[in-house]
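Here is run_19.cif, consisting of mmCIF, C-alpha atoms and all ligand atoms:
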data_work
#
loop_
_atom_site.label_atom_id
_atom_site.label_comp_id
_atom_site.auth_asym_id
_atom_site.auth_seq_id
_atom_site.Cartn_x
_atom_site.Cartn_y
_atom_site.Cartn_z
CA MET E 747 12.33 15.15 3.85
CA VAL E 748 14.48 12.09 4.46
CA THR E 749 13.09 8.99 6.16
CA VAL E 750 15.15 6.05 7.37
CA THR E 751 13.48 2.69 8.02
CA PRO E 752 15.97 0.22 9.53
CA ALA E 753 13.51 -2.70 9.23
CA PRO E 754 11.22 -2.28 6.24
CA SER E 755 8.64 -5.00 5.73
CA ILE E 756 6.48 -6.70 3.20
CA ASP E 757 3.00 -5.96 4.51
CA ARG E 758 0.48 -8.68 3.62
CA VAL E 759 -3.07 -7.48 4.25
CA TYR E 760 -5.77 -10.18 4.52
CA VAL E 761 -9.35 -8.95 4.40
CA VAL E 762 -11.75 -11.27 6.26
CA ASP E 763 -15.38 -10.91 7.34
CA ALA E 764 -14.47 -10.87 11.01
CA LEU E 765 -11.35 -12.35 12.57
CA ARG E 766 -12.14 -15.40 14.68
CA THR E 767 -9.20 -16.56 16.79
CA GLY E 768 -8.84 -20.32 17.18
CA SER E 769 -10.73 -21.01 13.97
CA VAL E 770 -10.28 -21.05 10.19
CA ASN E 771 -10.56 -17.58 8.65
CA ARG E 772 -10.97 -17.10 4.91
CA ALA E 773 -9.56 -14.04 3.21
CA HIS E 774 -11.59 -12.63 0.33
CA ARG E 775 -8.94 -10.10 -0.61
CA ILE E 776 -5.17 -9.94 -0.16
CA GLU E 777 -3.02 -6.85 -0.70
CA VAL E 778 0.78 -6.89 -0.63
CA ASP E 779 3.00 -3.84 -0.40
CA ILE E 780 6.32 -2.63 0.96
CA GLY E 781 5.70 -1.20 4.42
CA GLY E 782 7.43 0.19 7.45
CA ASN E 783 6.90 3.55 9.10
CA GLY E 784 9.42 5.57 7.10
CA VAL E 785 8.27 3.98 3.85
CA ASN E 786 4.59 4.80 4.42
CA LEU E 787 5.51 8.27 5.57
CA ALA E 788 7.60 8.91 2.46
CA ARG E 789 4.80 7.67 0.20
CA ASP E 790 2.28 9.97 1.87
CA LEU E 791 4.64 12.93 1.65
CA ARG E 792 5.51 12.24 -1.99
CA ALA E 793 1.84 11.90 -2.93
CA ALA E 794 1.27 15.35 -1.46
CA GLY E 795 4.07 16.80 -3.59
CA ASN E 796 6.93 16.92 -1.07
CA ASP E 797 10.55 16.29 -1.95
CA VAL E 798 11.30 13.08 -0.04
CA VAL E 799 13.39 9.95 -0.14
CA ALA E 800 13.02 6.74 1.90
CA VAL E 801 16.38 5.23 2.88
CA VAL E 802 15.97 1.48 3.40
CA PRO E 803 18.22 -1.55 3.87
CA LEU E 804 16.69 -3.95 1.37
CA ASP E 805 17.35 -7.00 -0.75
CA LEU E 806 15.80 -5.33 -3.77
CA GLU E 807 15.47 -8.55 -5.77
CA SER E 808 12.96 -10.00 -3.31
CA VAL E 809 10.61 -7.01 -3.60
CA VAL E 810 11.22 -5.81 -7.12
CA ASP E 811 7.62 -6.56 -8.20
CA LEU E 812 6.32 -4.37 -5.39
CA VAL E 813 8.31 -1.25 -6.18
CA ASP E 814 6.03 1.03 -8.17
CA ASP E 815 8.15 4.16 -7.80
CA ALA E 816 11.86 3.38 -7.58
CA SER E 817 12.73 7.06 -7.22
CA LEU E 818 11.15 7.08 -3.77
CA PHE E 819 13.80 4.72 -2.40
CA ARG E 820 17.48 4.98 -1.63
CA VAL E 821 18.26 1.28 -1.25
CA VAL E 822 21.18 0.04 0.84
CA PRO E 823 21.71 -3.57 -0.26
CA VAL E 824 21.59 -6.22 2.47
CA ALA E 825 21.78 -10.01 2.29
CA HIS E 826 18.57 -10.91 4.17
CA ARG E 827 15.05 -10.93 2.78
CA PRO E 828 12.67 -8.37 4.29
CA ARG E 829 10.44 -9.48 7.16
CA VAL E 830 6.76 -10.11 6.48
CA ASN E 831 4.17 -8.27 8.57
CA THR E 832 0.66 -9.67 8.53
CA VAL E 833 -2.33 -7.38 8.73
CA ILE E 834 -5.79 -8.92 9.19
CA VAL E 835 -8.64 -6.53 8.54
CA GLY E 836 -12.26 -7.35 9.35
CA SER E 837 -15.13 -5.85 7.37
CA ASP E 838 -15.80 -3.71 10.47
CA GLY E 839 -12.33 -2.18 10.09
CA VAL E 840 -10.93 -3.89 13.19
CA THR E 841 -7.27 -4.39 12.34
CA THR E 842 -4.94 -7.00 13.84
CA ASN E 843 -1.21 -6.84 13.14
CA VAL E 844 1.40 -9.58 13.51
CA ASN E 845 4.80 -8.05 12.89
CA GLN E 846 7.77 -10.32 12.24
CA ALA E 847 10.89 -9.58 14.29
CA ALA E 848 13.45 -7.63 12.33
CA THR E 849 16.66 -9.28 11.15
CA PRO E 850 19.71 -7.64 12.78
CA LEU E 851 21.88 -5.56 10.48
CA THR E 852 25.61 -6.19 10.50
CA ALA E 853 27.93 -3.38 11.60
CA PRO E 854 28.94 -2.64 7.97
CA GLU E 855 25.24 -2.59 6.96
CA TRP E 856 24.51 -0.04 9.72
CA ARG E 857 27.44 2.08 8.55
CA SER E 858 26.21 1.94 4.94
CA LEU E 859 22.69 2.90 6.05
CA ARG E 860 24.02 5.88 8.02
CA ALA E 861 26.28 6.93 5.13
CA ALA E 862 23.43 6.74 2.60
CA ALA E 863 21.15 8.73 4.91
CA ALA E 864 23.85 11.38 5.40
CA GLN E 865 24.29 11.66 1.64
CA GLU E 866 20.55 12.17 1.15
CA VAL E 867 20.50 14.78 3.93
CA ARG E 868 23.31 16.71 2.21
CA ARG E 869 21.41 16.48 -1.10
CA LEU E 870 17.92 17.43 0.12
CA ARG E 871 18.73 19.51 3.23
CA PRO E 872 15.34 18.46 4.68
CA ASP E 873 13.43 20.12 7.52
CA TRP E 874 13.07 16.69 9.10
CA VAL E 875 14.94 13.43 9.14
CA VAL E 876 12.55 10.76 10.37
CA VAL E 877 13.88 7.46 11.68
CA GLY E 878 10.85 5.17 11.58
CA GLY E 879 9.77 1.80 12.91
CA THR E 880 11.43 -1.03 14.74
CA VAL E 881 15.16 -0.91 15.14
CA PRO E 882 16.49 -4.47 14.77
CA ALA E 883 18.18 -6.02 17.79
CA GLY E 884 21.95 -6.42 17.78
CA ALA E 885 24.96 -4.67 19.20
CA ALA E 886 25.42 -2.19 16.35
CA SER E 887 21.81 -1.04 16.51
CA LEU E 888 21.96 -0.36 20.22
CA ASP E 889 24.17 2.63 19.60
CA PRO E 890 22.08 5.59 18.41
CA GLY E 891 25.12 7.88 18.61
CA PRO E 892 25.83 7.96 14.87
CA TRP E 893 22.27 9.22 14.22
CA ALA E 894 22.43 12.15 16.66
CA ASP E 895 23.85 14.80 14.37
CA LEU E 896 22.40 13.51 11.10
CA ALA E 897 19.50 15.96 10.77
CA GLY E 898 21.44 18.93 12.12
CA ALA E 899 24.10 18.49 9.44
CA GLY E 900 21.47 19.50 6.88
CA GLY E 901 19.97 22.26 9.05
CA GLY E 902 16.93 20.18 9.98
CA ARG E 903 15.53 18.29 12.93
CA LEU E 904 15.37 14.65 14.02
CA CYS E 905 12.09 12.81 14.47
CA LEU E 906 11.99 9.31 15.93
CA ASP E 907 8.78 7.44 15.02
CA SER E 908 9.58 4.11 16.63
CA PRO E 909 8.31 1.71 19.30
CA GLY E 910 8.40 3.15 22.82
CA ALA E 911 11.32 1.02 23.95
CA VAL E 912 13.46 2.41 21.13
CA VAL E 913 12.49 5.99 22.04
CA ALA E 914 13.33 5.33 25.70
CA GLY E 915 16.64 3.69 24.72
CA TRP E 916 17.76 6.59 22.52
CA ILE E 917 16.93 9.18 25.19
CA GLU E 918 18.73 7.07 27.80
CA ARG E 919 21.82 7.13 25.60
CA GLY E 920 21.65 10.89 25.11
CA VAL E 921 20.16 11.00 21.60
CA VAL E 922 17.08 13.12 22.22
CA PRO E 923 14.77 13.58 19.23
CA ASP E 924 13.21 16.94 18.32
CA LEU E 925 9.92 15.15 17.71
CA VAL E 926 8.41 11.80 18.66
CA SER E 927 4.99 10.53 17.56
CA PRO E 928 3.75 7.70 19.79
CA ASN E 929 0.30 6.18 19.96
CA LEU E 930 -0.95 5.33 23.43
CA ALA E 931 0.80 1.97 23.71
CA GLU E 932 4.06 3.46 22.48
CA LEU E 933 3.76 6.37 24.93
CA GLU E 934 3.28 3.89 27.77
CA ASP E 935 6.35 1.94 26.66
CA ALA E 936 8.45 5.07 26.21
CA THR E 937 7.67 6.40 29.68
CA GLY E 938 6.82 3.32 31.72
CA ARG E 939 3.53 4.95 32.75
CA ARG E 940 0.09 3.38 32.48
CA ILE E 941 -2.26 5.65 30.55
CA GLY E 942 -5.99 5.78 31.21
CA THR E 943 -6.93 9.43 30.91
CA MET E 944 -5.98 12.49 28.92
CA GLY E 945 -4.25 13.73 32.09
CA ASP E 946 -2.00 10.65 31.97
CA VAL E 947 -1.24 11.41 28.29
CA LEU E 948 -0.23 14.96 29.16
CA ASP E 949 1.90 13.86 32.12
CA ALA E 950 3.69 11.23 30.03
CA ALA E 951 4.32 13.71 27.22
CA ALA E 952 5.59 16.26 29.77
CA ARG E 953 8.02 13.67 31.04
CA LEU E 954 9.49 13.32 27.55
CA ILE E 955 9.64 17.12 27.13
CA ASP E 956 11.42 17.38 30.51
CA ARG E 957 14.04 14.99 29.18
CA GLY E 958 14.70 17.31 26.24
CA VAL E 959 12.35 16.06 23.51
CA GLY E 960 11.22 19.09 21.48
CA ALA E 961 7.65 18.07 20.73
CA VAL E 962 5.37 15.06 21.16
CA LEU E 963 2.55 14.15 18.79
CA VAL E 964 0.33 11.59 20.54
CA SER E 965 -2.14 9.86 18.25
CA LEU E 966 -5.36 8.82 19.94
CA GLY E 967 -7.21 6.90 17.22
CA ALA E 968 -10.77 8.19 16.77
CA ARG E 969 -10.10 10.76 19.52
CA GLY E 970 -7.69 12.61 17.24
CA ALA E 971 -4.23 13.71 18.34
CA VAL E 972 -2.50 15.88 20.91
CA LEU E 973 0.54 17.99 20.07
CA VAL E 974 2.69 19.00 23.03
CA ASP E 975 5.23 21.54 21.84
CA GLY E 976 7.14 22.84 24.82
CA ASP E 977 4.49 24.54 26.96
CA ASP E 978 1.91 24.64 24.15
CA ILE E 979 -0.67 21.87 24.23
CA ARG E 980 -3.29 21.38 21.52
CA TRP E 981 -5.85 18.63 20.98
CA ALA E 982 -7.32 18.21 17.49
CA ARG E 983 -10.33 16.11 16.55
CA THR E 984 -12.27 15.32 13.38
CA PRO E 985 -15.64 13.62 13.07
CA PRO E 986 -15.06 9.83 13.41
CA ALA E 987 -14.36 7.97 10.17
CA LEU E 988 -15.86 4.76 8.87
CA VAL E 989 -12.77 2.63 9.48
CA VAL E 990 -11.48 0.35 6.68
CA ASN E 991 -7.87 -0.34 7.75
CA THR E 992 -5.95 1.43 10.51
CA THR E 993 -2.48 0.36 9.35
CA GLY E 994 -0.44 3.41 8.41
CA ALA E 995 -2.77 5.91 10.12
CA GLY E 996 -0.08 7.00 12.55
CA ASP E 997 2.34 7.39 9.66
CA ALA E 998 -0.17 9.51 7.75
CA ALA E 999 -0.80 11.73 10.77
CA LEU E 1000 2.93 12.31 11.20
CA ALA E 1001 3.29 13.01 7.47
CA GLY E 1002 0.52 15.61 7.71
CA LEU E 1003 2.31 17.28 10.61
CA VAL E 1004 5.85 17.41 9.21
CA SER E 1005 4.72 18.48 5.75
CA ARG E 1006 3.37 21.72 7.26
CA TRP E 1007 5.67 22.38 10.22
CA ASN E 1008 9.45 22.54 10.58
CA GLY E 1009 9.42 22.35 14.39
CA ASP E 1010 9.90 26.09 15.00
CA ARG E 1011 8.07 27.60 18.00
CA ASP E 1012 5.31 29.04 15.83
CA GLY E 1013 1.88 28.38 17.32
CA ALA E 1014 -0.08 29.20 14.17
CA ALA E 1015 2.05 26.90 12.00
CA ALA E 1016 1.86 24.11 14.59
CA GLU E 1017 -1.93 24.44 14.70
CA ARG E 1018 -2.24 24.29 10.90
CA ALA E 1019 0.03 21.26 10.84
CA LEU E 1020 -1.91 19.49 13.57
CA THR E 1021 -5.08 20.12 11.58
CA ASP E 1022 -3.50 18.36 8.61
CA ALA E 1023 -2.23 15.56 10.86
CA VAL E 1024 -5.73 14.56 11.99
CA ARG E 1025 -7.19 15.00 8.48
CA TRP E 1026 -4.45 12.80 6.96
CA GLY E 1027 -4.85 10.20 9.74
CA ARG E 1028 -8.60 10.12 9.16
CA ALA E 1029 -8.06 9.70 5.41
CA ALA E 1030 -5.69 6.78 6.07
CA VAL E 1031 -8.14 4.78 8.18
CA SER E 1032 -10.84 5.34 5.57
CA ARG E 1033 -9.03 3.38 2.83
CA MET E 1034 -7.56 -0.10 2.43
CA ALA E 1035 -4.09 0.95 1.23
CA PRO E 1036 -1.74 2.02 4.01
CA THR E 1037 -0.84 5.30 2.32
CA ILE E 1038 -3.12 8.17 1.45
CA ALA E 1039 -4.01 9.93 -1.75
CA PRO E 1040 -4.09 13.68 -1.02
CA ASP E 1041 -7.30 14.16 -3.00
CA GLU E 1042 -8.98 11.81 -0.51
CA VAL E 1043 -8.12 14.07 2.41
CA ASP E 1044 -11.43 15.72 3.21
CA CYS E 1045 -11.44 19.27 4.51
CA VAL E 1046 -13.56 18.03 7.39
CA ARG E 1047 -14.13 20.28 10.37
CA VAL E 1048 -11.30 20.05 12.88
CA ALA E 1049 -11.91 21.14 16.47
CA ILE E 1050 -8.83 22.33 18.33
CA ASP E 1051 -9.16 22.60 22.10
CA ALA E 1052 -7.28 22.37 25.33
CA PRO E 1053 -7.52 18.68 26.23
CA PRO E 1054 -9.70 17.86 29.29
CA ARG E 1055 -7.55 15.94 31.79
CA SER E 1056 -10.42 13.77 33.00
CA LEU E 1057 -11.32 12.36 29.55
CA ARG E 1058 -10.77 8.59 29.39
CA VAL E 1059 -8.63 7.63 26.41
CA ASP E 1060 -8.09 3.89 27.02
N1 LIG V 1101 -11.81 6.16 13.66
C1 LIG V 1101 -11.13 7.28 13.33
N2 LIG V 1101 -11.80 8.37 12.90
C2 LIG V 1101 -11.16 9.51 12.57
N3 LIG V 1101 -9.80 9.64 12.61
C3 LIG V 1101 -9.09 8.59 13.03
C4 LIG V 1101 -9.69 7.35 13.41
N4 LIG V 1101 -8.72 6.50 13.76
C5 LIG V 1101 -7.54 7.15 13.61
N5 LIG V 1101 -7.75 8.41 13.18
C6 LIG V 1101 -6.74 9.44 12.90
O1 LIG V 1101 -5.51 8.82 12.58
C7 LIG V 1101 -4.51 9.20 13.53
C8 LIG V 1101 -3.60 8.02 13.79
O2 LIG V 1101 -4.37 6.93 14.25
P1 LIG V 1101 -3.90 5.98 15.43
O3 LIG V 1101 -4.75 4.76 15.35
O4 LIG V 1101 -3.92 6.73 16.71
O5 LIG V 1101 -2.36 5.71 15.04
P2 LIG V 1101 -1.43 4.40 15.03
O6 LIG V 1101 -1.63 3.80 13.66
O7 LIG V 1101 -0.06 4.92 15.20
O8 LIG V 1101 -1.89 3.52 16.17
C9 LIG V 1101 -5.25 9.68 14.76
O9 LIG V 1101 -4.45 10.62 15.47
C10 LIG V 1101 -6.50 10.30 14.14
O10 LIG V 1101 -6.24 11.62 13.75
O1 LIG V 1102 8.42 -1.45 12.68
P1 LIG V 1102 7.19 -1.98 13.38
O2 LIG V 1102 6.94 -1.34 14.72
O3 LIG V 1102 7.19 -3.48 13.45
O4 LIG V 1102 5.93 -1.55 12.53
C1 LIG V 1102 5.91 -1.81 11.15
C2 LIG V 1102 4.52 -1.71 10.61
O5 LIG V 1102 4.04 -0.42 10.88
C3 LIG V 1102 3.54 0.17 9.68
O6 LIG V 1102 4.53 1.05 9.21
C4 LIG V 1102 2.24 0.87 9.98
O7 LIG V 1102 2.43 1.78 11.06
P2 LIG V 1102 1.26 2.57 11.80
O8 LIG V 1102 -0.01 1.76 11.66
O9 LIG V 1102 1.72 2.73 13.21
O10 LIG V 1102 1.15 3.90 11.12
C5 LIG V 1102 3.36 -0.99 8.70
O11 LIG V 1102 3.51 -0.62 7.35
C6 LIG V 1102 4.43 -1.96 9.14
O12 LIG V 1102 4.07 -3.28 8.87
#

Represent the structure contained in this file as structure tokens.
Ligand SMILES: Nc1ncnc2c1ncn2[C@@H]1O[C@H](COP(=O)(O)OP(=O)(O)O)[C@@H](O)[C@H]1O
Ligand SMILES: O=P(O)(O)OC[C@H]1O[C@](O)(COP(=O)(O)O)[C@@H](O)[C@@H]1O
Amino acid sequence: MVTVTPAPSIDRVYVVDALRTGSVNRAHRIEVDIGGNGVNLARDLRAAGNDVVAVVPLDLESVVDLVDDASLFRVVPVAHRPRVNTVIVGSDGVTTNVNQAATPLTAPEWRSLRAAAAQEVRRLRPDWVVVGGTVPAGAASLDPGPWADLAGAGGGRLCLDSPGAVVAGWIERGVVPDLVSPNLAELEDATGRRIGTMGDVLDAAARLIDRGVGAVLVSLGARGAVLVDGDDIRWARTPPALVVNTTGAGDAALAGLVSRWNGDRDGAAAERALTDAVRWGRAAVSRMAPTIAPDEVDCVRVAIDAPPRSLRVD
């Protein structure tokens, strides 16, 4: 697997009793790590024994203390320091995120990122190339064209795990991913539709499929996840977890899916992969660190059903 994270972050997690807005909050624990969707995804995949590299534009010097496994990263040097994303976690698991805007990459930095990613794709020939997270503003980043054929060059598929506006922008410009993995807010942003019920989820996902997207994994928090793969629709649920920190849960769910499924129209494989997706997502919310340890993924019962359209999901 190859992941590309155009705007990696330093994630600073503050653990408080309960977040009180407009007042002084005291953190009794602080965790700092390198974050960003493709980075978390790569860590989860590596921990589960997959061959994976995370391609990141990074000023390595400013994060050197945080890199515990340098072999996970293919670093493209850039001049700016990484953004800092703040995560505030209450003892009830309620998680609040404040994500810093990403610094634009220069045109040469974008070219270097694309070239490094292409090199890793030729080396690993991965089933999936996942572009993850925010894409920084700026003229060079508005053009997804150079990313269109990246995965195909290695015989694999392209997954875009980014905010809804980025997904909509890429599709608008003709770069249609084989897989997208929005949560509800991202699905609303990607389609411009307000989502209240499972029926709205299915209609929004169908809209993306109609525009050429191969498959849509919609994560629904404690309600599990729906995988729409062409005409096949599956909804998977686990028993609810005791939530510690939800940051990285979506990344874990996607990692579970792509580690077991190469995107082929194979219902049994898709179902096994979706089962892993909800187990990995559940494991992620159950721990403080944003990435999972595979031995913490419980073989909990997973129910797979046709999703009821009337179920409220908001
Ligand atoms: N409270 C929970 N109990 C069990 N599983 C959960 C819970 N919250 C999230 N998950 C799992 O993690 C996945 C991703 O979580 P979600 O919050 O939807 O993603 P995101 O981090 O992208 O917003 C879900 O699809 C689900 O499988
Ligand atoms: O690129 P964005 O959209 O600002 O999100 C970045 C943040 O998302 C994360 O990758 C977590 O993502 P999820 O909670 O959606 O799985 C953090 O590590 C990071 O701070």

Subject >> Exercise answer, 6 Å around ligand LIG 1101 (chain V) with only C-alpha atoms and all ligand atoms, as a ChimeraX atom specification >> reply: /E:929,965-968,970-971,984,986-987,989,992-996,999,1024,1027-1028,1031

Kindly export the residues of the current selection with C-alpha atoms, as a CSV table (one decimal), in the coordinates of the input.
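Result went into out_30.csv, see below:
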chain,number,residue,atom,x,y,z
E,929,ASN,CA,0.3,6.2,20.0
E,965,SER,CA,-2.1,9.9,18.2
E,966,LEU,CA,-5.4,8.8,19.9
E,967,GLY,CA,-7.2,6.9,17.2
E,968,ALA,CA,-10.8,8.2,16.8
E,970,GLY,CA,-7.7,12.6,17.2
E,971,ALA,CA,-4.2,13.7,18.3
E,984,THR,CA,-12.3,15.3,13.4
E,986,PRO,CA,-15.1,9.8,13.4
E,987,ALA,CA,-14.4,8.0,10.2
E,989,VAL,CA,-12.8,2.6,9.5
E,992,THR,CA,-6.0,1.4,10.5
E,993,THR,CA,-2.5,0.4,9.4
E,994,GLY,CA,-0.4,3.4,8.4
E,995,ALA,CA,-2.8,5.9,10.1
E,996,GLY,CA,-0.1,7.0,12.6
E,999,ALA,CA,-0.8,11.7,10.8
E,1024,VAL,CA,-5.7,14.6,12.0
E,1027,GLY,CA,-4.8,10.2,9.7
E,1028,ARG,CA,-8.6,10.1,9.2
E,1031,VAL,CA,-8.1,4.8,8.2

**OP:** Residues within 6 Å of ligand LIG 1102 (chain V), counting only C-alpha atoms and all ligand atoms: report them as a VMD selection string.
**Re:** chain E and resid 755 757 781 to 783 831 845 879 to 880 909 993 to 997

Original post:
How far is it from CA of Thr751 in chain E to CA of Gly878 in chain E, in Å with one decimal?
Top reply: 5.1 Å

**OP:** Could you check which of E:Ala1030, E:Leu1057, E:Leu870, E:Leu904 is closest to Gly945 in chain E, using all atoms listed in the file?
**Re:**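 The closest residue to Gly945 in chain E is E:Leu1057.
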
**OP:** To one decimal in Å, tell me the separation between CA of Val881 in chain E and CA of Ile756 in chain E.
**Re:** 15.9 Å

Original post:
Rounded to one decimal in Å, what is the spacing between CA of Val1004 in chain E and CA of Ala793 in chain E?
Top reply: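 Interatomic distance here is 13.9 Å.
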
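The smallest atom-to-atom distance between Val801 in chain E and any of E:Thr943, E:Gln846, E:Gln865, E:Asn771, using all atoms listed in the file, is found for E:Gln865.
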
Box for range 759-762 of chain E - axis-aligned, 5 Å on each of the six sides, all listed atoms - centre and size in Å to one decimal, as JSON.
{"center_x": -7.4, "center_y": -9.4, "center_z": 5.3, "size_x": 18.7, "size_y": 13.8, "size_z": 12.0}

Subject >> Long-range neighbours of Leu963 in chain E as a list in words, 6 Å cut-off, only C-alpha atoms, 3 positions minimum in chain >> reply: Ser927, Val972 and Leu973 of chain E

Residues just named, written with C-alpha atoms as a PDB file, in the frame of the given file:
ATOM      1  CA  SER E 927       4.990  10.530  17.560  1.00  0.00           C
ATOM      2  CA  VAL E 972      -2.500  15.880  20.910  1.00  0.00           C
ATOM      3  CA  LEU E 973       0.540  17.990  20.070  1.00  0.00           C
TER       4      LEU E 973
END

**OP:** Compare E:Trp1007, E:Tyr760, E:Trp856, E:Trp981 by their minimum atom-to-atom distance to Thr841 in chain E, counting all atoms listed in the file, and give me the closest one.
**Re:**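 When distances to Thr841 in chain E are compared using all atoms listed in the file, the smallest one comes from E:Tyr760.
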
Subject >> Spatial neighbours of Arg789 in chain E, 12 Å, all atoms listed in the file, chain gap at least 4 places, as an NGL selection string >> reply: :E and (747-749 or 779-785 or 793-800 or 813-819 or 994 or 997-998 or 1001-1002 or 1035-1040)

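When only C-alpha atoms are used to compute distances to Ala897 in chain E, the closest of the residues E:Ala1015, E:Leu988, E:Val876, E:Val922 turns out to be E:Val876.
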
**OP:** Rank E:Ala1019, E:Val990, E:Leu888, E:Ala1014 by their smallest atom-to-atom distance to Ser1032 in chain E, using all atoms listed in the file, and report the top residue only.
**Re:** E:Val990

Subject >> Residue nearest Thr842 in chain E among E:Arg1018, E:Arg766, E:Arg1011, E:Arg953 (counting only C-alpha atoms) >> reply: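 Going through E:Arg1018, E:Arg766, E:Arg1011, E:Arg953 one by one, the smallest distance to Thr842 in chain E is for E:Arg766.
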
Original post:
Counting only C-alpha atoms, which residues come within 7 Å of (17.7, 1.8, 4.7), with the point read in the file's coordinates, and could you list them as number ranges by chain?
Top reply: E: 750-752, 801-804, 821-822, 859
